[in-house]
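Peer 1: Coordinates in upload27.pdb, PDB, C-alpha atoms and all ligand atoms, are listed below.
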ATOM      1  CA  MET A   1      45.358  31.341 -28.818  1.00  0.00           C
ATOM      2  CA  PHE A   2      44.539  27.707 -28.397  1.00  0.00           C
ATOM      3  CA  ASN A   3      48.151  26.726 -29.123  1.00  0.00           C
ATOM      4  CA  ASN A   4      49.512  29.277 -26.697  1.00  0.00           C
ATOM      5  CA  LYS A   5      47.184  28.009 -24.018  1.00  0.00           C
ATOM      6  CA  LYS A   6      48.222  24.437 -24.713  1.00  0.00           C
ATOM      7  CA  GLN A   7      51.895  25.352 -24.532  1.00  0.00           C
ATOM      8  CA  LEU A   8      51.329  27.121 -21.267  1.00  0.00           C
ATOM      9  CA  THR A   9      49.594  24.054 -19.848  1.00  0.00           C
ATOM     10  CA  MET A  10      52.430  21.843 -21.054  1.00  0.00           C
ATOM     11  CA  LYS A  11      54.920  24.106 -19.254  1.00  0.00           C
ATOM     12  CA  LYS A  12      52.825  23.999 -16.111  1.00  0.00           C
ATOM     13  CA  ILE A  13      52.973  20.225 -16.167  1.00  0.00           C
ATOM     14  CA  LEU A  14      56.503  19.737 -17.459  1.00  0.00           C
ATOM     15  CA  ILE A  15      58.392  22.013 -15.081  1.00  0.00           C
ATOM     16  CA  PRO A  16      57.112  20.396 -11.871  1.00  0.00           C
ATOM     17  CA  LEU A  17      57.580  16.998 -13.503  1.00  0.00           C
ATOM     18  CA  VAL A  18      61.237  17.707 -14.257  1.00  0.00           C
ATOM     19  CA  ILE A  19      61.766  18.933 -10.696  1.00  0.00           C
ATOM     20  CA  LEU A  20      60.036  15.831  -9.362  1.00  0.00           C
ATOM     21  CA  VAL A  21      62.230  13.556 -11.455  1.00  0.00           C
ATOM     22  CA  LEU A  22      65.399  15.383 -10.344  1.00  0.00           C
ATOM     23  CA  VAL A  23      64.396  15.129  -6.684  1.00  0.00           C
ATOM     24  CA  ALA A  24      63.563  11.443  -7.131  1.00  0.00           C
ATOM     25  CA  VAL A  25      66.980  10.772  -8.734  1.00  0.00           C
ATOM     26  CA  ALA A  26      68.742  12.688  -5.986  1.00  0.00           C
ATOM     27  CA  CYS A  27      66.905  10.688  -3.328  1.00  0.00           C
ATOM     28  CA  THR A  28      67.624   7.311  -4.859  1.00  0.00           C
ATOM     29  CA  THR A  29      71.316   8.034  -5.540  1.00  0.00           C
ATOM     30  CA  PRO A  30      73.188   6.370  -2.663  1.00  0.00           C
ATOM     31  CA  ALA A  31      74.897   8.782  -0.314  1.00  0.00           C
ATOM     32  CA  PRO A  32      78.713   8.701  -0.403  1.00  0.00           C
ATOM     33  CA  LYS A  33      79.924   6.037   2.007  1.00  0.00           C
ATOM     34  CA  THR A  34      81.857   8.425   4.237  1.00  0.00           C
ATOM     35  CA  GLN A  35      81.671   6.086   7.200  1.00  0.00           C
ATOM     36  CA  GLU A  36      83.655   3.421   5.405  1.00  0.00           C
ATOM     37  CA  ILE A  37      86.596   5.765   4.709  1.00  0.00           C
ATOM     38  CA  ALA A  38      88.977   5.764   7.664  1.00  0.00           C
ATOM     39  CA  GLU A  39      89.357   9.340   8.782  1.00  0.00           C
ATOM     40  CA  PRO A  40      92.741  10.382  10.219  1.00  0.00           C
ATOM     41  CA  SER A  41      92.425  10.156  13.965  1.00  0.00           C
ATOM     42  CA  VAL A  42      93.629  13.491  15.278  1.00  0.00           C
ATOM     43  CA  PRO A  43      95.526  12.885  18.501  1.00  0.00           C
ATOM     44  CA  ILE A  44      94.305  14.872  21.476  1.00  0.00           C
ATOM     45  CA  TYR A  45      96.779  15.939  24.126  1.00  0.00           C
ATOM     46  CA  THR A  46      95.329  15.399  27.572  1.00  0.00           C
ATOM     47  CA  GLY A  47      98.533  15.532  29.619  1.00  0.00           C
ATOM     48  CA  GLU A  48      99.860  18.348  31.733  1.00  0.00           C
ATOM     49  CA  ALA A  49     100.895  21.569  30.026  1.00  0.00           C
ATOM     50  CA  VAL A  50     104.594  21.490  29.233  1.00  0.00           C
ATOM     51  CA  VAL A  51     106.828  24.548  28.946  1.00  0.00           C
ATOM     52  CA  HIS A  52     109.626  23.654  26.560  1.00  0.00           C
ATOM     53  CA  GLU A  53     113.000  24.886  27.711  1.00  0.00           C
ATOM     54  CA  PHE A  54     116.500  24.882  26.319  1.00  0.00           C
ATOM     55  CA  ALA A  55     118.518  23.494  29.208  1.00  0.00           C
ATOM     56  CA  ALA A  56     122.047  24.578  30.010  1.00  0.00           C
ATOM     57  CA  LEU A  57     124.859  22.236  29.004  1.00  0.00           C
ATOM     58  CA  PRO A  58     125.682  20.258  32.187  1.00  0.00           C
ATOM     59  CA  TYR A  59     129.443  20.989  31.815  1.00  0.00           C
ATOM     60  CA  SER A  60     131.796  23.411  30.120  1.00  0.00           C
ATOM     61  CA  TYR A  61     132.580  23.175  26.406  1.00  0.00           C
ATOM     62  CA  ASP A  62     136.055  21.791  27.107  1.00  0.00           C
ATOM     63  CA  ALA A  63     134.945  19.306  29.784  1.00  0.00           C
ATOM     64  CA  LEU A  64     135.091  16.291  27.467  1.00  0.00           C
ATOM     65  CA  GLU A  65     138.534  17.074  26.036  1.00  0.00           C
ATOM     66  CA  PRO A  66     140.504  15.492  24.510  1.00  0.00           C
ATOM     67  CA  TYR A  67     137.854  13.033  23.290  1.00  0.00           C
ATOM     68  CA  ILE A  68     135.362  15.670  22.238  1.00  0.00           C
ATOM     69  CA  ASP A  69     136.970  19.023  21.547  1.00  0.00           C
ATOM     70  CA  ALA A  70     135.694  22.327  22.926  1.00  0.00           C
ATOM     71  CA  GLN A  71     135.030  23.894  19.531  1.00  0.00           C
ATOM     72  CA  THR A  72     132.856  20.967  18.444  1.00  0.00           C
ATOM     73  CA  MET A  73     130.951  21.069  21.742  1.00  0.00           C
ATOM     74  CA  GLU A  74     130.342  24.814  21.455  1.00  0.00           C
ATOM     75  CA  ILE A  75     129.077  24.653  17.873  1.00  0.00           C
ATOM     76  CA  HIS A  76     127.102  21.485  18.513  1.00  0.00           C
ATOM     77  CA  TYR A  77     125.310  22.848  21.567  1.00  0.00           C
ATOM     78  CA  SER A  78     124.998  26.580  20.906  1.00  0.00           C
ATOM     79  CA  ARG A  79     124.217  26.371  17.189  1.00  0.00           C
ATOM     80  CA  HIS A  80     122.950  22.930  16.169  1.00  0.00           C
ATOM     81  CA  HIS A  81     121.028  22.033  19.314  1.00  0.00           C
ATOM     82  CA  GLN A  82     119.787  25.586  19.796  1.00  0.00           C
ATOM     83  CA  ALA A  83     118.547  25.628  16.186  1.00  0.00           C
ATOM     84  CA  TYR A  84     116.596  22.388  16.680  1.00  0.00           C
ATOM     85  CA  PHE A  85     115.011  23.861  19.786  1.00  0.00           C
ATOM     86  CA  ASN A  86     114.148  27.198  18.143  1.00  0.00           C
ATOM     87  CA  ASN A  87     112.774  25.488  15.045  1.00  0.00           C
ATOM     88  CA  PHE A  88     110.731  23.116  17.173  1.00  0.00           C
ATOM     89  CA  LEU A  89     109.043  26.084  18.877  1.00  0.00           C
ATOM     90  CA  LYS A  90     108.395  27.674  15.482  1.00  0.00           C
ATOM     91  CA  ALA A  91     107.013  24.437  14.076  1.00  0.00           C
ATOM     92  CA  ILE A  92     104.488  23.944  16.903  1.00  0.00           C
ATOM     93  CA  GLU A  93     103.467  27.614  17.080  1.00  0.00           C
ATOM     94  CA  GLY A  94      99.775  27.920  16.223  1.00  0.00           C
ATOM     95  CA  SER A  95      99.377  24.149  15.968  1.00  0.00           C
ATOM     96  CA  GLY A  96      97.334  23.809  19.155  1.00  0.00           C
ATOM     97  CA  TYR A  97     100.066  21.525  20.509  1.00  0.00           C
ATOM     98  CA  GLU A  98     102.305  24.224  22.000  1.00  0.00           C
ATOM     99  CA  GLN A  99     102.071  22.656  25.466  1.00  0.00           C
ATOM    100  CA  ALA A 100     102.194  18.993  24.469  1.00  0.00           C
ATOM    101  CA  SER A 101     105.014  16.841  25.831  1.00  0.00           C
ATOM    102  CA  LEU A 102     107.781  15.455  23.634  1.00  0.00           C
ATOM    103  CA  GLU A 103     106.594  11.975  24.598  1.00  0.00           C
ATOM    104  CA  PHE A 104     103.193  12.820  23.094  1.00  0.00           C
ATOM    105  CA  PHE A 105     104.780  14.013  19.846  1.00  0.00           C
ATOM    106  CA  PHE A 106     106.878  10.836  19.598  1.00  0.00           C
ATOM    107  CA  ASP A 107     103.851   8.610  20.340  1.00  0.00           C
ATOM    108  CA  ASN A 108     101.929  10.275  17.494  1.00  0.00           C
ATOM    109  CA  ILE A 109     104.790  11.407  15.245  1.00  0.00           C
ATOM    110  CA  SER A 110     103.291  10.119  11.989  1.00  0.00           C
ATOM    111  CA  TYR A 111     100.501  12.668  12.400  1.00  0.00           C
ATOM    112  CA  PHE A 112     102.898  15.629  12.549  1.00  0.00           C
ATOM    113  CA  SER A 113     104.908  17.544   9.937  1.00  0.00           C
ATOM    114  CA  ALA A 114     108.502  16.785   8.991  1.00  0.00           C
ATOM    115  CA  ALA A 115     109.498  20.066  10.673  1.00  0.00           C
ATOM    116  CA  ILE A 116     108.002  18.929  13.982  1.00  0.00           C
ATOM    117  CA  ARG A 117     109.445  15.429  13.619  1.00  0.00           C
ATOM    118  CA  ASN A 118     112.995  16.558  12.824  1.00  0.00           C
ATOM    119  CA  ASN A 119     113.146  19.351  15.371  1.00  0.00           C
ATOM    120  CA  ALA A 120     111.376  17.568  18.228  1.00  0.00           C
ATOM    121  CA  GLY A 121     113.858  14.740  17.658  1.00  0.00           C
ATOM    122  CA  GLY A 122     116.836  17.089  17.459  1.00  0.00           C
ATOM    123  CA  TYR A 123     115.736  18.950  20.600  1.00  0.00           C
ATOM    124  CA  PHE A 124     115.199  15.788  22.663  1.00  0.00           C
ATOM    125  CA  ASN A 125     118.060  13.649  21.347  1.00  0.00           C
ATOM    126  CA  HIS A 126     120.721  16.262  22.077  1.00  0.00           C
ATOM    127  CA  SER A 127     119.408  17.049  25.582  1.00  0.00           C
ATOM    128  CA  LEU A 128     119.637  13.348  26.356  1.00  0.00           C
ATOM    129  CA  PHE A 129     123.044  12.997  24.682  1.00  0.00           C
ATOM    130  CA  TRP A 130     124.641  15.760  26.806  1.00  0.00           C
ATOM    131  CA  SER A 131     123.382  14.103  29.976  1.00  0.00           C
ATOM    132  CA  LEU A 132     124.853  10.761  28.909  1.00  0.00           C
ATOM    133  CA  MET A 133     128.392  12.128  28.847  1.00  0.00           C
ATOM    134  CA  ALA A 134     130.672  13.330  31.636  1.00  0.00           C
ATOM    135  CA  PRO A 135     134.334  14.332  31.934  1.00  0.00           C
ATOM    136  CA  ALA A 136     136.615  11.309  31.587  1.00  0.00           C
ATOM    137  CA  GLY A 137     136.987   9.433  34.862  1.00  0.00           C
ATOM    138  CA  THR A 138     133.810  10.831  36.435  1.00  0.00           C
ATOM    139  CA  GLY A 139     131.054   8.818  34.735  1.00  0.00           C
ATOM    140  CA  GLY A 140     131.269   5.729  36.956  1.00  0.00           C
ATOM    141  CA  ALA A 141     130.576   2.216  35.705  1.00  0.00           C
ATOM    142  CA  PRO A 142     127.532   0.081  34.907  1.00  0.00           C
ATOM    143  CA  SER A 143     125.551  -0.769  38.059  1.00  0.00           C
ATOM    144  CA  ASP A 144     125.222  -4.434  39.067  1.00  0.00           C
ATOM    145  CA  ALA A 145     121.690  -4.536  37.640  1.00  0.00           C
ATOM    146  CA  LEU A 146     122.732  -3.001  34.325  1.00  0.00           C
ATOM    147  CA  ALA A 147     125.897  -5.120  34.088  1.00  0.00           C
ATOM    148  CA  GLN A 148     123.779  -8.252  34.609  1.00  0.00           C
ATOM    149  CA  ALA A 149     121.339  -7.184  31.896  1.00  0.00           C
ATOM    150  CA  ILE A 150     124.207  -6.386  29.504  1.00  0.00           C
ATOM    151  CA  ASN A 151     125.876  -9.734  30.180  1.00  0.00           C
ATOM    152  CA  ALA A 152     122.592 -11.599  29.759  1.00  0.00           C
ATOM    153  CA  LYS A 153     121.965 -10.006  26.380  1.00  0.00           C
ATOM    154  CA  PHE A 154     125.427  -9.467  24.884  1.00  0.00           C
ATOM    155  CA  GLY A 155     127.655 -11.879  26.832  1.00  0.00           C
ATOM    156  CA  SER A 156     129.961  -9.157  28.152  1.00  0.00           C
ATOM    157  CA  LEU A 157     130.411  -5.404  28.337  1.00  0.00           C
ATOM    158  CA  GLU A 158     133.095  -5.682  25.677  1.00  0.00           C
ATOM    159  CA  ASN A 159     130.759  -7.506  23.296  1.00  0.00           C
ATOM    160  CA  PHE A 160     128.074  -4.930  23.948  1.00  0.00           C
ATOM    161  CA  GLN A 161     130.494  -2.117  23.092  1.00  0.00           C
ATOM    162  CA  THR A 162     131.602  -3.897  19.915  1.00  0.00           C
ATOM    163  CA  GLU A 163     127.984  -4.280  18.787  1.00  0.00           C
ATOM    164  CA  PHE A 164     127.142  -0.698  19.708  1.00  0.00           C
ATOM    165  CA  ASN A 165     130.183   0.556  17.777  1.00  0.00           C
ATOM    166  CA  ALA A 166     129.048  -1.466  14.762  1.00  0.00           C
ATOM    167  CA  ALA A 167     125.604   0.163  14.900  1.00  0.00           C
ATOM    168  CA  ALA A 168     127.194   3.615  15.208  1.00  0.00           C
ATOM    169  CA  THR A 169     129.716   3.202  12.400  1.00  0.00           C
ATOM    170  CA  GLY A 170     127.254   1.284  10.227  1.00  0.00           C
ATOM    171  CA  ARG A 171     124.537   3.931  10.260  1.00  0.00           C
ATOM    172  CA  PHE A 172     124.671   5.296   6.713  1.00  0.00           C
ATOM    173  CA  GLY A 173     124.631   9.092   6.562  1.00  0.00           C
ATOM    174  CA  SER A 174     123.351  11.031   9.553  1.00  0.00           C
ATOM    175  CA  GLY A 175     121.710   9.485  12.586  1.00  0.00           C
ATOM    176  CA  TRP A 176     122.100   7.996  16.020  1.00  0.00           C
ATOM    177  CA  ALA A 177     123.084   4.739  17.730  1.00  0.00           C
ATOM    178  CA  TRP A 178     121.102   3.633  20.781  1.00  0.00           C
ATOM    179  CA  LEU A 179     120.960   1.195  23.654  1.00  0.00           C
ATOM    180  CA  ILE A 180     117.297   0.808  24.564  1.00  0.00           C
ATOM    181  CA  VAL A 181     115.004  -1.192  26.816  1.00  0.00           C
ATOM    182  CA  THR A 182     112.226  -2.750  24.768  1.00  0.00           C
ATOM    183  CA  GLU A 183     108.693  -3.299  26.022  1.00  0.00           C
ATOM    184  CA  ASP A 184     109.532  -6.811  27.282  1.00  0.00           C
ATOM    185  CA  GLY A 185     112.298  -5.338  29.453  1.00  0.00           C
ATOM    186  CA  SER A 186     115.279  -6.602  27.458  1.00  0.00           C
ATOM    187  CA  LEU A 187     118.190  -4.550  26.141  1.00  0.00           C
ATOM    188  CA  THR A 188     118.606  -3.938  22.420  1.00  0.00           C
ATOM    189  CA  ILE A 189     120.984  -1.943  20.251  1.00  0.00           C
ATOM    190  CA  THR A 190     119.430   0.005  17.401  1.00  0.00           C
ATOM    191  CA  SER A 191     120.162   2.982  15.183  1.00  0.00           C
ATOM    192  CA  THR A 192     117.943   5.665  13.692  1.00  0.00           C
ATOM    193  CA  ALA A 193     118.210   8.000  10.710  1.00  0.00           C
ATOM    194  CA  ASN A 194     118.295  11.795  10.861  1.00  0.00           C
ATOM    195  CA  GLN A 195     116.850  12.998  14.209  1.00  0.00           C
ATOM    196  CA  ASP A 196     114.483  10.077  14.667  1.00  0.00           C
ATOM    197  CA  ASN A 197     114.656   8.137  17.921  1.00  0.00           C
ATOM    198  CA  PRO A 198     113.383   4.816  19.302  1.00  0.00           C
ATOM    199  CA  LEU A 199     110.517   6.538  21.137  1.00  0.00           C
ATOM    200  CA  MET A 200     108.879   7.357  17.803  1.00  0.00           C
ATOM    201  CA  GLU A 201     105.938   5.154  16.845  1.00  0.00           C
ATOM    202  CA  THR A 202     107.348   4.976  13.316  1.00  0.00           C
ATOM    203  CA  GLU A 203     110.464   3.043  14.368  1.00  0.00           C
ATOM    204  CA  ALA A 204     110.555  -0.703  13.699  1.00  0.00           C
ATOM    205  CA  VAL A 205     112.598  -1.158  16.896  1.00  0.00           C
ATOM    206  CA  GLN A 206     111.111   0.851  19.742  1.00  0.00           C
ATOM    207  CA  GLY A 207     112.060   1.295  23.360  1.00  0.00           C
ATOM    208  CA  LYS A 208     113.284   3.618  26.082  1.00  0.00           C
ATOM    209  CA  PRO A 209     116.770   5.009  25.444  1.00  0.00           C
ATOM    210  CA  LEU A 210     119.546   4.291  27.958  1.00  0.00           C
ATOM    211  CA  LEU A 211     122.489   5.394  25.851  1.00  0.00           C
ATOM    212  CA  ALA A 212     122.683   7.509  22.702  1.00  0.00           C
ATOM    213  CA  LEU A 213     125.473   8.498  20.348  1.00  0.00           C
ATOM    214  CA  ASP A 214     125.158  11.234  17.746  1.00  0.00           C
ATOM    215  CA  VAL A 215     126.909  10.121  14.554  1.00  0.00           C
ATOM    216  CA  TRP A 216     126.103  13.178  12.436  1.00  0.00           C
ATOM    217  CA  GLU A 217     129.315  14.598  10.971  1.00  0.00           C
ATOM    218  CA  HIS A 218     128.732  17.838  12.909  1.00  0.00           C
ATOM    219  CA  ALA A 219     129.346  15.786  16.074  1.00  0.00           C
ATOM    220  CA  TYR A 220     132.922  14.848  15.207  1.00  0.00           C
ATOM    221  CA  TYR A 221     134.198  16.197  11.908  1.00  0.00           C
ATOM    222  CA  LEU A 222     136.334  19.086  13.226  1.00  0.00           C
ATOM    223  CA  LYS A 223     138.470  16.703  15.277  1.00  0.00           C
ATOM    224  CA  TYR A 224     138.068  13.345  13.564  1.00  0.00           C
ATOM    225  CA  GLN A 225     137.250  14.318   9.958  1.00  0.00           C
ATOM    226  CA  ASN A 226     136.144  11.141   8.159  1.00  0.00           C
ATOM    227  CA  LYS A 227     137.251   8.810  10.980  1.00  0.00           C
ATOM    228  CA  ARG A 228     133.880   8.151  12.569  1.00  0.00           C
ATOM    229  CA  ALA A 229     135.149   4.880  14.059  1.00  0.00           C
ATOM    230  CA  ASP A 230     137.775   6.754  16.119  1.00  0.00           C
ATOM    231  CA  TYR A 231     135.135   9.144  17.457  1.00  0.00           C
ATOM    232  CA  VAL A 232     132.879   6.187  18.333  1.00  0.00           C
ATOM    233  CA  ALA A 233     135.732   4.346  20.086  1.00  0.00           C
ATOM    234  CA  ASN A 234     136.646   7.456  22.104  1.00  0.00           C
ATOM    235  CA  PHE A 235     133.048   8.028  23.143  1.00  0.00           C
ATOM    236  CA  TRP A 236     133.434   5.282  25.766  1.00  0.00           C
ATOM    237  CA  ASN A 237     135.938   7.482  27.659  1.00  0.00           C
ATOM    238  CA  VAL A 238     133.219  10.031  28.388  1.00  0.00           C
ATOM    239  CA  VAL A 239     130.114   7.873  28.914  1.00  0.00           C
ATOM    240  CA  ASN A 240     128.179   8.928  32.011  1.00  0.00           C
ATOM    241  CA  TRP A 241     127.331   5.448  33.304  1.00  0.00           C
ATOM    242  CA  ASN A 242     125.751   7.001  36.383  1.00  0.00           C
ATOM    243  CA  LYS A 243     123.071   8.487  34.139  1.00  0.00           C
ATOM    244  CA  VAL A 244     122.686   5.262  32.124  1.00  0.00           C
ATOM    245  CA  ASN A 245     122.195   3.367  35.409  1.00  0.00           C
ATOM    246  CA  GLU A 246     119.575   5.880  36.519  1.00  0.00           C
ATOM    247  CA  LEU A 247     117.630   5.514  33.252  1.00  0.00           C
ATOM    248  CA  TYR A 248     117.812   1.737  33.510  1.00  0.00           C
ATOM    249  CA  GLU A 249     116.564   1.779  37.117  1.00  0.00           C
ATOM    250  CA  ALA A 250     113.616   3.905  36.012  1.00  0.00           C
ATOM    251  CA  THR A 251     112.559   1.279  33.475  1.00  0.00           C
ATOM    252  CA  LEU A 252     112.515  -1.414  36.178  1.00  0.00           C
ATOM    253  CA  ASN A 253     109.897   0.419  38.249  1.00  0.00           C
TER     254      ASN A 253
HETATM  255 MN   MN3 B   1     124.001  16.574  16.672  1.00  0.00          MN
END
The structure given in the file should be rewritten as structure tokens.

Peer 2:
Amino acid sequence: MFNNKKQLTMKKILIPLVILVLVAVACTTPAPKTQEIAEPSVPIYTGEAVVHEFAALPYSYDALEPYIDAQTMEIHYSRHHQAYFNNFLKAIEGSGYEQASLEFFFDNISYFSAAIRNNAGGYFNHSLFWSLMAPAGTGGAPSDALAQAINAKFGSLENFQTEFNAAATGRFGSGWAWLIVTEDGSLTITSTANQDNPLMETEAVQGKPLLALDVWEHAYYLKYQNKRADYVANFWNVVNWNKVNELYEATLN
């Protein structure tokens, strides 16, 4: 009886004591330093709601013959470009960014999935590319302002074209060659892999595109097979300088 009573008293003392010790330990253990861990900053889109649209090709499939053949144009536009557009819509569906602009995606591209990156790039790059070409003899010539900028940077139009061709033929695998205006207002030639572009924050060389050339094999293989250099050289016959001039003017304002 005495022992039982003693045991009971011990329990009465021990149990609260153990709880007290546990609480004390919990209170003195430092809280995890969550504030010191950099949390990913989720970009918030505050711009106007954008409705993404697959624009019509600005000319017929055979308009750039003989430099770019009709079959290549049809497959490139109606299958490849259309697929990038469709897959872009699928990739952003349910993301909360359905109405964000392409500019916003490119500014924050490291935050987004590979599917969004590749397809936003493919959607934008091709839309721009079509606008930068025109039937031979209709694309005009560099404006005085653009010609001056090209001469200042590259010495001559011919030198510029040689350097651009080198970027286009030198891009290993699939990608794009670009003429861009960098933040300081000067012209630069660059190239990107896959469907990346110089508007993406991930690019070492960034700027606003003035001219773009698709050097994926799907852009030339039916007509040129492995001769990418011939495709690149012939591209100059169908450059829409009027559009390049317009894009350059826009960067000056
Ligand atoms: Mn392409």

Peer 1: Which neighbours of Gly96 in chain A fall inside 12 Å, counting all atoms listed in the file, when residues of the same chain fewer than 2 positions from it are skipped, and could you give them as a short mmCIF file (atom, residue, chain, number, x, y, z; two decimals) with C-alpha atoms, in the coordinates of the input?

Peer 2:
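Now in around.cif:
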data_model
loop_
_atom_site.label_atom_id
_atom_site.label_comp_id
_atom_site.auth_asym_id
_atom_site.auth_seq_id
_atom_site.Cartn_x
_atom_site.Cartn_y
_atom_site.Cartn_z
CA VAL A 42 93.63 13.49 15.28
CA PRO A 43 95.53 12.88 18.50
CA ILE A 44 94.30 14.87 21.48
CA TYR A 45 96.78 15.94 24.13
CA ALA A 49 100.90 21.57 30.03
CA LEU A 89 109.04 26.08 18.88
CA ALA A 91 107.01 24.44 14.08
CA ILE A 92 104.49 23.94 16.90
CA GLU A 93 103.47 27.61 17.08
CA GLY A 94 99.78 27.92 16.22
CA GLU A 98 102.30 24.22 22.00
CA GLN A 99 102.07 22.66 25.47
CA ALA A 100 102.19 18.99 24.47
CA PHE A 112 102.90 15.63 12.55
#

Peer 1: Report, in Å with one decimal, the straight-line distance from CA of Pro58 in chain A to CA of Ala83 in chain A.

Peer 2: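 Going from CA of Pro58 in chain A over to CA of Ala83 in chain A, I get 18.3 Å.
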
Peer 1: Considering all atoms listed in the file, can you say which of A:Ala114, A:Leu187, A:Ala167, A:Ala136 comes closest to Gln148 in chain A?

Peer 2: A:Leu187

Peer 1: Can you list, as a PDB file with C-alpha atoms, in the coordinates of the input, every protein, DNA or RNA residue that comes within 7 Å of range 169-173 of chain A when you count all atoms listed in the file, leaving out same-chain residues fewer than 2 positions away?

Peer 2:
ATOM      1  CA  ASN A 165     130.183   0.556  17.777  1.00  0.00           C
ATOM      2  CA  ALA A 166     129.048  -1.466  14.762  1.00  0.00           C
ATOM      3  CA  ALA A 167     125.604   0.163  14.900  1.00  0.00           C
ATOM      4  CA  GLY A 175     121.710   9.485  12.586  1.00  0.00           C
ATOM      5  CA  SER A 191     120.162   2.982  15.183  1.00  0.00           C
ATOM      6  CA  ARG A 228     133.880   8.151  12.569  1.00  0.00           C
ATOM      7  CA  ALA A 229     135.149   4.880  14.059  1.00  0.00           C
TER       8      ALA A 229
END

Peer 1: Rounded to one decimal place, report the CA of Arg117 in chain A-CA of Phe160 in chain A distance in Å.

Peer 2: 29.5 Å

Peer 1: Residues at most 12 Å from Trp236 in chain A, counting all atoms listed in the file, excluding those fewer than 3 positions away in the same chain, as number ranges by chain?

Peer 2: A: 64, 67-68, 132-137, 139-141, 157-158, 160-162, 164-165, 211-213, 229-233, 239-241

Peer 1: Within 8 Å of ligand MN3 1 (chain B) (counting all atoms listed in the file), which residues show up? I'd like them as a PyMOL selection string.

Peer 2: chain A and resi 76+80-81+122+126+214-216+218-219

Peer 1: A:Gly47, A:Pro209, A:Gly155, A:Gly121: which is nearest Ala177 in chain A, counting all atoms listed in the file?

Peer 2: A:Pro209

Peer 1: Name the residues, using the chain letters and numbers of the file, that sit within 12 Å of (136.7, 22.4, 20.2) when counting all atoms listed in the file, and give them as number ranges by chain.

Peer 2: A: 60-77, 218-224

Peer 1: Could you jot down the CA of Glu53 in chain A to CA of Ser113 in chain A separation for me, Å, one decimal place?

Peer 2: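 If I compute the distance from CA of Glu53 in chain A to CA of Ser113 in chain A, I get 20.9 Å.
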
Peer 1: Calculated over all atoms listed in the file, which of the candidates A:Asn151, A:Asn125, A:Asn253, A:Asn242 has the smallest distance to Pro198 in chain A?

Peer 2: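 Distance minimum relative to Pro198 in chain A lands on A:Asn125.
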
Peer 1: Residues near Asn119 in chain A, anyone? I mean within 8 Å using all atoms listed in the file, not counting same-chain ones fewer than 6 positions away, as a ChimeraX atom specification.

Peer 2: /A:84-85,87-88,195
